[in-house]
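Q: Supplied in structure tokens, the structure appears directly below.
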Amino acid sequence: MLKISVLVSGGGTNLQALINAQKSGVLSSGKTVQVISSREDAYALKRADEFGIPSAVAKNETEILSELSKVKPDVIVLAGFMHILSKNFIDTVKVPIINIHPSLIPSFCGEGFYGLKVHEAVLKSGVKVTGATVHFVNEIPDGGEIIAQKAVEILPDDTPESLQRRVMETCEWVILPRAVESVCRKIKPRIFPKALKYAGRGIITGMTPSGKRMLAYFIMGRSTSSKARIFERSGDDLIIKLTREDKNFDPSLILYSPLRVLGDNIIITNGDQTDTVYDALKSGGTFEGALRTREYEPDPPHYTPRISALMTPSGHKQSILKRAGKYFFEYEYEAGKGRLIHTYDHDVMSGGVLPSFSGEPREVIIPENLEEFADSLWAELGESYRVALYVRYYDGEGYNDKLFNTQEA
Ligand code: GAR
């Protein structure tokens, strides 16, 4: 689910429309996690309170940016926000900003056209229809790409107030939530934080929105020997094969079964600890117990961590054995969410020591479509270092999978 920050200045009826749409399911791909008001007396703040949405008052762009940085939204919605945002602000937030404007753009818009003033100008001009527009915000006031519009007739005895009310009720509150939903659906959440160049080996375990279990295992490599590998299916398991012989090279750390199935359980790891866990589970032992007998890899200077995961019908576990200690994480399945753990935290200049993954396994959004997920993960791994990727979605009935190899068999 994407995070939405809503910026307001007044009554907040459009904010209310977003909240209602969340409740009814019209808006399901994103969730309002923050309301920022440019005025402390805005009724919108009361609405936020009532629905338990954290809110703040921010009087200028610097204050707004500092509030936004607390939640790092994926989308920003201007719902009755009465200020023009600067190019610098738009460039800094780097996420789509959506605005609702109470006229049919390109009429009655731009600087000076806001709130009731728009409807006064509409009536004065004598036009017979007006409406509302949802659009992306760029540096031109009300000038960004149009996402949705809806028109309404002007009645002979309309006042600015009655027209404003009708435009809101029949146009704004209808098209804003739908447009926000369509934008959220189009944004593909990234799997890795943007700066990550080299993650080493990685595991994702979790669940699709409809409740299928899912897993992914990937290999990135920098050295020639690490790159000379491919994944191959072996029954329901996954194995690694070398694509060239190298007599001077000990392949024990790079040849292993990354995935083994044991009844209802699947073990995924980056080394021969797959077998340690498999054997332990088979003889009544545990994931944790098995891994406590193992250590990080003996490959100075990096001492690559051993990462492992276990998927059972009731939950998933991950573990990392590194020099700093042995860590275990246990999760219940959550629809549409997965956890990502990888061996190296970030890239270092060539020749440096690769820092081990730190912190908790990262939360990842899992889409329903396997192809979509596998393709975007492969794309994010990048052409320079990716070696192989395997993704499987499964339920009680069976599974679908997708396998990528950079090298030819
Ligand atoms: C709405 O009509 C909105 O379209 C308009 O202000 C009103 C706020 O109502 N926005 C603009 O004029 C932006 N230029 P609300 O606070 O009840 O949502």
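Here, A, B, ... name the chains of the structure tokens in the order displayed, residue numbers run from 1 inside each chain, and ligands are numbered from 1 in the same displayed order.
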Report as a tab-separated table the residues of range 134-248 of chain A within 8 Å of range 24-31 of chain A, each with its shortest atom pair and distance in Å (one decimal), using only C-alpha atoms, ordered by chain and increasing residue number.
A:
```
residue	atom	partner	partner_atom	distance
A:Pro177	CA	A:Leu27	CA	6.1
A:Arg178	CA	A:Val26	CA	6.7
A:Val180	CA	A:Leu27	CA	7.4
A:Glu181	CA	A:Leu27	CA	5.2
A:Cys184	CA	A:Ser29	CA	5.8
A:Arg185	CA	A:Ser29	CA	6.2
```
Q: Set the cut-off to 7 Å, count only C-alpha atoms and all ligand atoms, and list whatever residues fall near ligand 1 as an MDAnalysis selection string.
A: chainID A and resid 8:15 44 79:82 100:102 113:115 164 168 172
Q: Need the shell around Gln34 in chain A: protein/DNA/RNA residues with any atom at most 9 Å away, counting only C-alpha atoms. Skip same-chain ones fewer than 3 positions apart. Format as a PyMOL selection string?
A: chain A and resi 3-7+48+53-56+67-68+71+73
Q: Could you please take those selected residues and save N, CA, C and O atoms as a PDB file, in the first residue's frame?
A:
```pdb
ATOM      1  N   LYS A   3       1.912   5.242   0.470  1.00  0.00           N
ATOM      2  CA  LYS A   3       1.640   6.249   1.511  1.00  0.00           C
ATOM      3  C   LYS A   3       1.276   7.574   0.858  1.00  0.00           C
ATOM      4  O   LYS A   3       2.006   8.053  -0.020  1.00  0.00           O
ATOM      5  N   ILE A   4       0.155   8.160   1.306  1.00  0.00           N
ATOM      6  CA  ILE A   4      -0.302   9.434   0.749  1.00  0.00           C
ATOM      7  C   ILE A   4      -0.236  10.507   1.832  1.00  0.00           C
ATOM      8  O   ILE A   4      -0.740  10.310   2.941  1.00  0.00           O
ATOM      9  N   SER A   5       0.370  11.650   1.492  1.00  0.00           N
ATOM     10  CA  SER A   5       0.289  12.822   2.366  1.00  0.00           C
ATOM     11  C   SER A   5      -0.680  13.798   1.721  1.00  0.00           C
ATOM     12  O   SER A   5      -0.587  14.059   0.522  1.00  0.00           O
ATOM     13  N   VAL A   6      -1.610  14.332   2.506  1.00  0.00           N
ATOM     14  CA  VAL A   6      -2.610  15.263   1.962  1.00  0.00           C
ATOM     15  C   VAL A   6      -2.333  16.659   2.514  1.00  0.00           C
ATOM     16  O   VAL A   6      -2.223  16.841   3.735  1.00  0.00           O
ATOM     17  N   LEU A   7      -2.224  17.622   1.617  1.00  0.00           N
ATOM     18  CA  LEU A   7      -2.001  19.023   2.017  1.00  0.00           C
ATOM     19  C   LEU A   7      -3.327  19.778   1.904  1.00  0.00           C
ATOM     20  O   LEU A   7      -4.004  19.690   0.871  1.00  0.00           O
ATOM     21  N   ALA A  48      -8.932  15.007  10.245  1.00  0.00           N
ATOM     22  CA  ALA A  48      -7.777  14.114  10.363  1.00  0.00           C
ATOM     23  C   ALA A  48      -7.770  13.476  11.757  1.00  0.00           C
ATOM     24  O   ALA A  48      -7.630  12.261  11.892  1.00  0.00           O
ATOM     25  N   ILE A  53      -5.631  10.191  11.805  1.00  0.00           N
ATOM     26  CA  ILE A  53      -4.522  10.412  10.872  1.00  0.00           C
ATOM     27  C   ILE A  53      -3.620  11.505  11.462  1.00  0.00           C
ATOM     28  O   ILE A  53      -4.098  12.593  11.799  1.00  0.00           O
ATOM     29  N   PRO A  54      -2.317  11.229  11.623  1.00  0.00           N
ATOM     30  CA  PRO A  54      -1.421  12.234  12.179  1.00  0.00           C
ATOM     31  C   PRO A  54      -1.445  13.504  11.327  1.00  0.00           C
ATOM     32  O   PRO A  54      -1.466  13.426  10.100  1.00  0.00           O
ATOM     33  N   SER A  55      -1.479  14.654  11.996  1.00  0.00           N
ATOM     34  CA  SER A  55      -1.533  15.896  11.228  1.00  0.00           C
ATOM     35  C   SER A  55      -0.550  16.905  11.800  1.00  0.00           C
ATOM     36  O   SER A  55      -0.061  16.756  12.924  1.00  0.00           O
ATOM     37  N   ALA A  56      -0.279  17.926  10.994  1.00  0.00           N
ATOM     38  CA  ALA A  56       0.648  18.971  11.423  1.00  0.00           C
ATOM     39  C   ALA A  56       0.281  20.255  10.704  1.00  0.00           C
ATOM     40  O   ALA A  56      -0.349  20.230   9.648  1.00  0.00           O
ATOM     41  N   GLU A  67       7.958  18.134   7.503  1.00  0.00           N
ATOM     42  CA  GLU A  67       6.871  17.215   7.889  1.00  0.00           C
ATOM     43  C   GLU A  67       6.836  16.004   6.941  1.00  0.00           C
ATOM     44  O   GLU A  67       6.683  14.868   7.371  1.00  0.00           O
ATOM     45  N   LEU A  68       6.974  16.271   5.644  1.00  0.00           N
ATOM     46  CA  LEU A  68       6.925  15.181   4.659  1.00  0.00           C
ATOM     47  C   LEU A  68       8.043  14.174   4.907  1.00  0.00           C
ATOM     48  O   LEU A  68       7.854  12.965   4.743  1.00  0.00           O
ATOM     49  N   VAL A  71       7.332  11.016   6.984  1.00  0.00           N
ATOM     50  CA  VAL A  71       6.606   9.815   6.505  1.00  0.00           C
ATOM     51  C   VAL A  71       7.078   9.343   5.133  1.00  0.00           C
ATOM     52  O   VAL A  71       6.765   8.243   4.725  1.00  0.00           O
ATOM     53  N   PRO A  73       6.190  10.122   1.861  1.00  0.00           N
ATOM     54  CA  PRO A  73       5.049   9.621   1.095  1.00  0.00           C
ATOM     55  C   PRO A  73       5.437   9.215  -0.324  1.00  0.00           C
ATOM     56  O   PRO A  73       6.440   9.694  -0.851  1.00  0.00           O
TER      57      PRO A  73
END
```
Q: Give me, as a list in words, all polymer residues having an atom no more than 9 Å from Tyr278 in chain A, counting only C-alpha atoms and skipping those fewer than 3 positions away in the same chain.
A: Arg260, Val261, Leu262, Ile266, Ile267, Gln273, Thr274, Asp275, Leu281, Lys282, Ser283, Phe287 and Ala290 of chain A
Q: Those residues you just picked out, can you put them in a file as a compact mmCIF listing (two decimals), in the first residue's frame with N, CA and C atoms?
A:
```txt
# COMPACT_ATOMS: atom_id res chain seq x y z
N ARG A 260 15.31 -25.57 -1.34
CA ARG A 260 14.92 -26.98 -1.21
C ARG A 260 13.55 -27.05 -0.56
N VAL A 261 12.74 -27.98 -1.10
CA VAL A 261 11.38 -28.15 -0.59
C VAL A 261 11.36 -29.37 0.33
N LEU A 262 10.77 -29.18 1.51
CA LEU A 262 10.61 -30.30 2.44
C LEU A 262 9.15 -30.32 2.88
N ILE A 266 9.59 -24.56 2.63
CA ILE A 266 10.63 -24.26 1.64
C ILE A 266 11.77 -23.53 2.34
N ILE A 267 12.98 -24.02 2.07
CA ILE A 267 14.18 -23.41 2.64
C ILE A 267 14.91 -22.67 1.52
N GLN A 273 24.18 -23.98 3.90
CA GLN A 273 23.33 -24.09 5.09
C GLN A 273 21.91 -24.51 4.72
N THR A 274 21.54 -24.44 3.42
CA THR A 274 20.24 -24.99 3.00
C THR A 274 20.15 -26.44 3.47
N ASP A 275 21.25 -27.20 3.27
CA ASP A 275 21.24 -28.61 3.64
C ASP A 275 21.22 -28.78 5.16
N LEU A 281 15.43 -30.03 10.01
CA LEU A 281 13.96 -30.07 10.01
C LEU A 281 13.48 -31.50 9.84
N LYS A 282 14.18 -32.22 8.99
CA LYS A 282 13.78 -33.61 8.70
C LYS A 282 13.87 -34.48 9.95
N SER A 283 14.85 -34.17 10.79
CA SER A 283 14.99 -35.00 11.99
C SER A 283 14.41 -34.30 13.22
N PHE A 287 14.82 -24.43 12.43
CA PHE A 287 15.55 -23.49 11.57
C PHE A 287 16.64 -22.80 12.38
N ALA A 290 19.40 -25.18 13.69
CA ALA A 290 20.31 -25.59 12.62
C ALA A 290 21.31 -24.47 12.31
```
Q: Out of A:Val152, A:Val387, A:Leu65, A:Ile219, which residue has the shortest atom-to-atom distance to Thr243 in chain A when counting only C-alpha atoms?
A: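 Among the listed residues, the smallest separation from Thr243 in chain A belongs to A:Val387.
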Q: Kindly give the distance, in Å, that separates CA of Glu383 in chain A and CA of Asp345 in chain A, rounded to a single decimal.
A: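 Going from CA of Glu383 in chain A over to CA of Asp345 in chain A, I get 18.8 Å.
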Q: Measuring between only C-alpha atoms, which one of A:Gly144, A:Gly206, A:Pro251, A:Gly200 shows the shortest distance to Gln318 in chain A?
A: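 Counting only C-alpha atoms, the residue closest to Gln318 in chain A is A:Gly206.
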Q: Taking the backbone alone, and naming residues the way the document does, which bits of range 287-402 of chain A are helix (DSSP H, G or I) by DSSP, as a list of chain:residue names?
A: A:Phe287, A:Glu288, A:Gly289, A:Ala290, A:Leu291, A:Arg292, A:Leu370, A:Glu371, A:Glu372, A:Phe373, A:Ala374, A:Asp375, A:Ser376, A:Leu377, A:Trp378, A:Ala379, A:Glu380, A:Leu381
Q: Please save all heavy atoms of the selected residues as a tab-separated table (two decimals), in the first residue's frame.
A:
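So part.tsv came out as:
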```tsv
chain	number	residue	atom	x	y	z
A	287	PHE	N	14.82	-24.43	12.43
A	287	PHE	CA	15.55	-23.49	11.57
A	287	PHE	C	16.64	-22.80	12.38
A	287	PHE	O	17.82	-22.80	12.02
A	287	PHE	CB	14.50	-22.50	11.04
A	287	PHE	CG	15.00	-21.37	10.21
A	287	PHE	CD1	15.46	-21.58	8.91
A	287	PHE	CD2	14.93	-20.05	10.68
A	287	PHE	CE1	15.87	-20.51	8.11
A	287	PHE	CE2	15.33	-18.98	9.89
A	287	PHE	CZ	15.80	-19.22	8.61
A	288	GLU	N	16.22	-22.28	13.54
A	288	GLU	CA	17.17	-21.51	14.36
A	288	GLU	C	18.29	-22.42	14.89
A	288	GLU	O	19.47	-22.06	14.84
A	288	GLU	CB	16.45	-20.86	15.55
A	288	GLU	CG	15.47	-19.76	15.20
A	288	GLU	CD	14.10	-20.27	14.73
A	288	GLU	OE1	13.89	-21.50	14.68
A	288	GLU	OE2	13.25	-19.43	14.38
A	289	GLY	N	17.87	-23.59	15.38
A	289	GLY	CA	18.84	-24.53	15.95
A	289	GLY	C	19.88	-24.92	14.90
A	289	GLY	O	21.09	-24.96	15.18
A	290	ALA	N	19.40	-25.18	13.69
A	290	ALA	CA	20.31	-25.59	12.62
A	290	ALA	C	21.31	-24.47	12.31
A	290	ALA	O	22.52	-24.70	12.20
A	290	ALA	CB	19.51	-25.95	11.38
A	291	LEU	N	20.80	-23.25	12.20
A	291	LEU	CA	21.67	-22.14	11.79
A	291	LEU	C	22.64	-21.74	12.90
A	291	LEU	O	23.71	-21.20	12.62
A	291	LEU	CB	20.83	-20.95	11.32
A	291	LEU	CG	20.13	-21.20	9.98
A	291	LEU	CD1	19.12	-20.10	9.68
A	291	LEU	CD2	21.14	-21.31	8.83
A	292	ARG	N	22.27	-22.00	14.14
A	292	ARG	CA	23.19	-21.66	15.24
A	292	ARG	C	24.45	-22.50	15.17
A	292	ARG	O	25.47	-22.14	15.77
A	292	ARG	CB	22.50	-21.83	16.59
A	292	ARG	CG	21.55	-20.69	16.87
A	292	ARG	CD	21.14	-20.55	18.32
A	292	ARG	NE	20.20	-19.44	18.40
A	292	ARG	CZ	18.89	-19.59	18.51
A	292	ARG	NH1	18.35	-20.79	18.63
A	292	ARG	NH2	18.10	-18.54	18.52
A	370	LEU	N	3.05	-12.28	-11.06
A	370	LEU	CA	4.43	-12.80	-10.91
A	370	LEU	C	5.38	-12.19	-11.94
A	370	LEU	O	6.49	-11.78	-11.62
A	370	LEU	CB	4.42	-14.32	-11.02
A	370	LEU	CG	5.78	-15.02	-10.90
A	370	LEU	CD1	5.63	-16.31	-10.11
A	370	LEU	CD2	6.40	-15.34	-12.23
A	371	GLU	N	4.92	-12.17	-13.20
A	371	GLU	CA	5.76	-11.63	-14.28
A	371	GLU	C	6.18	-10.19	-13.97
A	371	GLU	O	7.34	-9.81	-14.10
A	371	GLU	CB	4.98	-11.58	-15.60
A	371	GLU	CG	4.60	-12.93	-16.14
A	371	GLU	CD	5.65	-13.47	-17.09
A	371	GLU	OE1	6.33	-12.66	-17.74
A	371	GLU	OE2	5.79	-14.71	-17.13
A	372	GLU	N	5.17	-9.41	-13.53
A	372	GLU	CA	5.42	-7.99	-13.25
A	372	GLU	C	6.48	-7.85	-12.16
A	372	GLU	O	7.43	-7.07	-12.26
A	372	GLU	CB	4.10	-7.36	-12.80
A	372	GLU	CG	4.15	-5.88	-12.52
A	372	GLU	CD	2.92	-5.43	-11.72
A	372	GLU	OE1	1.80	-5.91	-12.01
A	372	GLU	OE2	3.10	-4.63	-10.80
A	373	PHE	N	6.34	-8.67	-11.10
A	373	PHE	CA	7.27	-8.59	-9.98
A	373	PHE	C	8.66	-9.05	-10.41
A	373	PHE	O	9.67	-8.38	-10.16
A	373	PHE	CB	6.76	-9.43	-8.81
A	373	PHE	CG	7.68	-9.41	-7.63
A	373	PHE	CD1	7.80	-8.26	-6.86
A	373	PHE	CD2	8.44	-10.52	-7.29
A	373	PHE	CE1	8.67	-8.21	-5.78
A	373	PHE	CE2	9.30	-10.48	-6.21
A	373	PHE	CZ	9.42	-9.33	-5.46
A	374	ALA	N	8.71	-10.22	-11.08
A	374	ALA	CA	10.00	-10.80	-11.47
A	374	ALA	C	10.72	-9.85	-12.43
A	374	ALA	O	11.92	-9.60	-12.28
A	374	ALA	CB	9.78	-12.16	-12.11
A	375	ASP	N	9.99	-9.30	-13.40
A	375	ASP	CA	10.62	-8.41	-14.38
A	375	ASP	C	11.16	-7.15	-13.72
A	375	ASP	O	12.25	-6.68	-14.04
A	375	ASP	CB	9.62	-8.01	-15.49
A	375	ASP	CG	9.27	-9.20	-16.38
A	375	ASP	OD1	9.91	-10.26	-16.23
A	375	ASP	OD2	8.35	-9.08	-17.20
A	376	SER	N	10.38	-6.58	-12.77
A	376	SER	CA	10.88	-5.34	-12.18
A	376	SER	C	12.05	-5.61	-11.24
A	376	SER	O	12.98	-4.81	-11.16
A	376	SER	CB	9.77	-4.51	-11.52
A	376	SER	OG	9.01	-5.30	-10.69
A	377	LEU	N	12.03	-6.77	-10.57
A	377	LEU	CA	13.18	-7.10	-9.71
A	377	LEU	C	14.44	-7.30	-10.55
A	377	LEU	O	15.51	-6.78	-10.24
A	377	LEU	CB	12.85	-8.36	-8.88
A	377	LEU	CG	13.92	-8.90	-7.93
A	377	LEU	CD1	14.45	-7.82	-7.01
A	377	LEU	CD2	13.38	-10.06	-7.10
A	378	TRP	N	14.29	-8.02	-11.66
A	378	TRP	CA	15.43	-8.27	-12.56
A	378	TRP	C	15.98	-6.95	-13.08
A	378	TRP	O	17.19	-6.72	-13.12
A	378	TRP	CB	14.99	-9.20	-13.69
A	378	TRP	CG	16.08	-9.68	-14.60
A	378	TRP	CD1	16.18	-9.46	-15.95
A	378	TRP	CD2	17.24	-10.48	-14.25
A	378	TRP	NE1	17.31	-10.07	-16.45
A	378	TRP	CE2	17.97	-10.70	-15.44
A	378	TRP	CE3	17.71	-11.01	-13.05
A	378	TRP	CZ2	19.16	-11.44	-15.46
A	378	TRP	CZ3	18.90	-11.75	-13.07
A	378	TRP	CH2	19.60	-11.95	-14.25
A	379	ALA	N	15.05	-6.04	-13.44
A	379	ALA	CA	15.48	-4.73	-13.96
A	379	ALA	C	16.22	-3.95	-12.88
A	379	ALA	O	17.25	-3.33	-13.13
A	379	ALA	CB	14.27	-3.95	-14.45
A	380	GLU	N	15.72	-4.02	-11.66
A	380	GLU	CA	16.36	-3.26	-10.57
A	380	GLU	C	17.73	-3.82	-10.20
A	380	GLU	O	18.58	-3.09	-9.69
A	380	GLU	CB	15.46	-3.23	-9.33
A	380	GLU	CG	14.45	-2.12	-9.38
A	380	GLU	CD	13.78	-1.91	-8.04
A	380	GLU	OE1	14.46	-1.91	-7.01
A	380	GLU	OE2	12.54	-1.76	-8.04
A	381	LEU	N	17.93	-5.13	-10.41
A	381	LEU	CA	19.24	-5.70	-10.08
A	381	LEU	C	20.33	-5.10	-10.97
A	381	LEU	O	21.50	-5.10	-10.60
A	381	LEU	CB	19.22	-7.22	-10.20
A	381	LEU	CG	18.34	-7.94	-9.17
A	381	LEU	CD1	18.30	-9.44	-9.44
A	381	LEU	CD2	18.84	-7.69	-7.75
```
Q: Given the choices A:Ile84, A:Ala58, A:Val353, A:Leu242, which gets closest to Asn405 in chain A if the distance is worked out from only C-alpha atoms?
A: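 Of the candidates, the smallest distance to Asn405 in chain A is held by A:Leu242.
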Q: Identify all residues of range 11-125 of chain A in strand (DSSP E) (DSSP on the backbone) and supply them as a list in words.
A: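 Here is the list: Gly30, Lys31, Thr32, Val33, Gln34, Val35, Ile36, Ser37, Ser55, Ala56, Val57, Val75, Ile76, Val77, Leu78, Ile97, Ile98, Asn99, Ile100 and His101 of chain A.
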Q: Skipping near chain neighbours, those fewer than 3 positions away, what residues fall within 6 Å of Ile239 in chain A using only C-alpha atoms, listed as a VMD selection string?
A: chain A and resid 231 to 232 257
Q: Between A:Ser314, A:Ile320, A:Gly338, A:Arg233, which one has atoms that come closest to Phe404 in chain A, using only C-alpha atoms?
A: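 Between A:Ser314, A:Ile320, A:Gly338, A:Arg233, the residue approaching Phe404 in chain A most closely is A:Arg233.
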Q: What lies within 7 Å of Gly131 in chain A using only C-alpha atoms, ignoring chain neighbours under 6 positions off, as a PyMOL selection string?
A: chain A and resi 102-104+150-152+167+171
Q: Save the residues we just selected, all heavy atoms, as a tab-separated table (two decimals), in the first residue's frame?
A:
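Final output, saved to part.tsv:
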```tsv
chain	number	residue	atom	x	y	z
A	102	PRO	N	-11.22	23.49	-8.89
A	102	PRO	CA	-12.67	23.53	-9.11
A	102	PRO	C	-13.12	24.23	-10.41
A	102	PRO	O	-14.01	25.07	-10.37
A	102	PRO	CB	-13.17	24.27	-7.87
A	102	PRO	CG	-12.05	25.19	-7.53
A	102	PRO	CD	-10.77	24.50	-7.92
A	103	SER	N	-12.48	23.89	-11.52
A	103	SER	CA	-12.99	24.36	-12.83
A	103	SER	C	-12.50	23.39	-13.89
A	103	SER	O	-11.69	22.50	-13.60
A	103	SER	CB	-12.48	25.77	-13.15
A	103	SER	OG	-11.14	25.71	-13.64
A	104	LEU	N	-13.00	23.58	-15.11
A	104	LEU	CA	-12.51	22.75	-16.21
A	104	LEU	C	-11.28	23.43	-16.80
A	104	LEU	O	-11.38	24.35	-17.60
A	104	LEU	CB	-13.62	22.60	-17.27
A	104	LEU	CG	-14.85	21.80	-16.81
A	104	LEU	CD1	-15.96	21.86	-17.86
A	104	LEU	CD2	-14.49	20.35	-16.51
A	150	LYS	N	-14.57	16.38	-14.73
A	150	LYS	CA	-16.01	16.10	-14.75
A	150	LYS	C	-16.73	17.45	-14.82
A	150	LYS	O	-16.34	18.41	-14.15
A	150	LYS	CB	-16.42	15.34	-13.49
A	150	LYS	CG	-17.81	14.76	-13.57
A	150	LYS	CD	-18.01	13.64	-12.54
A	150	LYS	CE	-19.36	12.98	-12.73
A	150	LYS	NZ	-20.44	13.63	-12.02
A	151	ALA	N	-17.77	17.50	-15.64
A	151	ALA	CA	-18.49	18.76	-15.87
A	151	ALA	C	-19.83	18.76	-15.16
A	151	ALA	O	-20.39	17.71	-14.84
A	151	ALA	CB	-18.70	18.95	-17.37
A	152	VAL	N	-20.34	19.97	-14.92
A	152	VAL	CA	-21.65	20.14	-14.31
A	152	VAL	C	-22.30	21.39	-14.92
A	152	VAL	O	-21.59	22.33	-15.29
A	152	VAL	CB	-21.52	20.22	-12.76
A	152	VAL	CG1	-20.80	21.48	-12.34
A	152	VAL	CG2	-22.86	20.12	-12.09
A	167	VAL	N	-20.31	21.72	-7.57
A	167	VAL	CA	-19.07	21.24	-8.21
A	167	VAL	C	-18.36	20.26	-7.28
A	167	VAL	O	-17.86	19.22	-7.70
A	167	VAL	CB	-18.14	22.44	-8.58
A	167	VAL	CG1	-16.75	21.95	-8.97
A	167	VAL	CG2	-18.75	23.26	-9.71
A	171	CYS	N	-18.66	16.64	-8.70
A	171	CYS	CA	-17.42	16.45	-9.48
A	171	CYS	C	-16.23	16.11	-8.57
A	171	CYS	O	-15.67	15.01	-8.65
A	171	CYS	CB	-17.09	17.71	-10.28
A	171	CYS	SG	-18.43	18.26	-11.34
```
Q: Could you check how far CA of Glu139 in chain A sits from CA of Lys87 in chain A, in Å to one decimal?
A: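 So the two atoms, CA of Glu139 in chain A and CA of Lys87 in chain A, lie 5.0 Å apart.
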Q: Under the rule that only C-alpha atoms are counted, which of A:Val33, A:Met311, A:Ala42, A:Ile97 is the nearest residue to Arg213 in chain A?
A: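 Selected residue with least distance to Arg213 in chain A: A:Met311.
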Q: Which one of A:Pro298, A:Glu334, A:Pro305, A:Val391 sits closest to Leu403 in chain A if you count only C-alpha atoms?
A: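 Between A:Pro298, A:Glu334, A:Pro305, A:Val391, the residue approaching Leu403 in chain A most closely is A:Val391.
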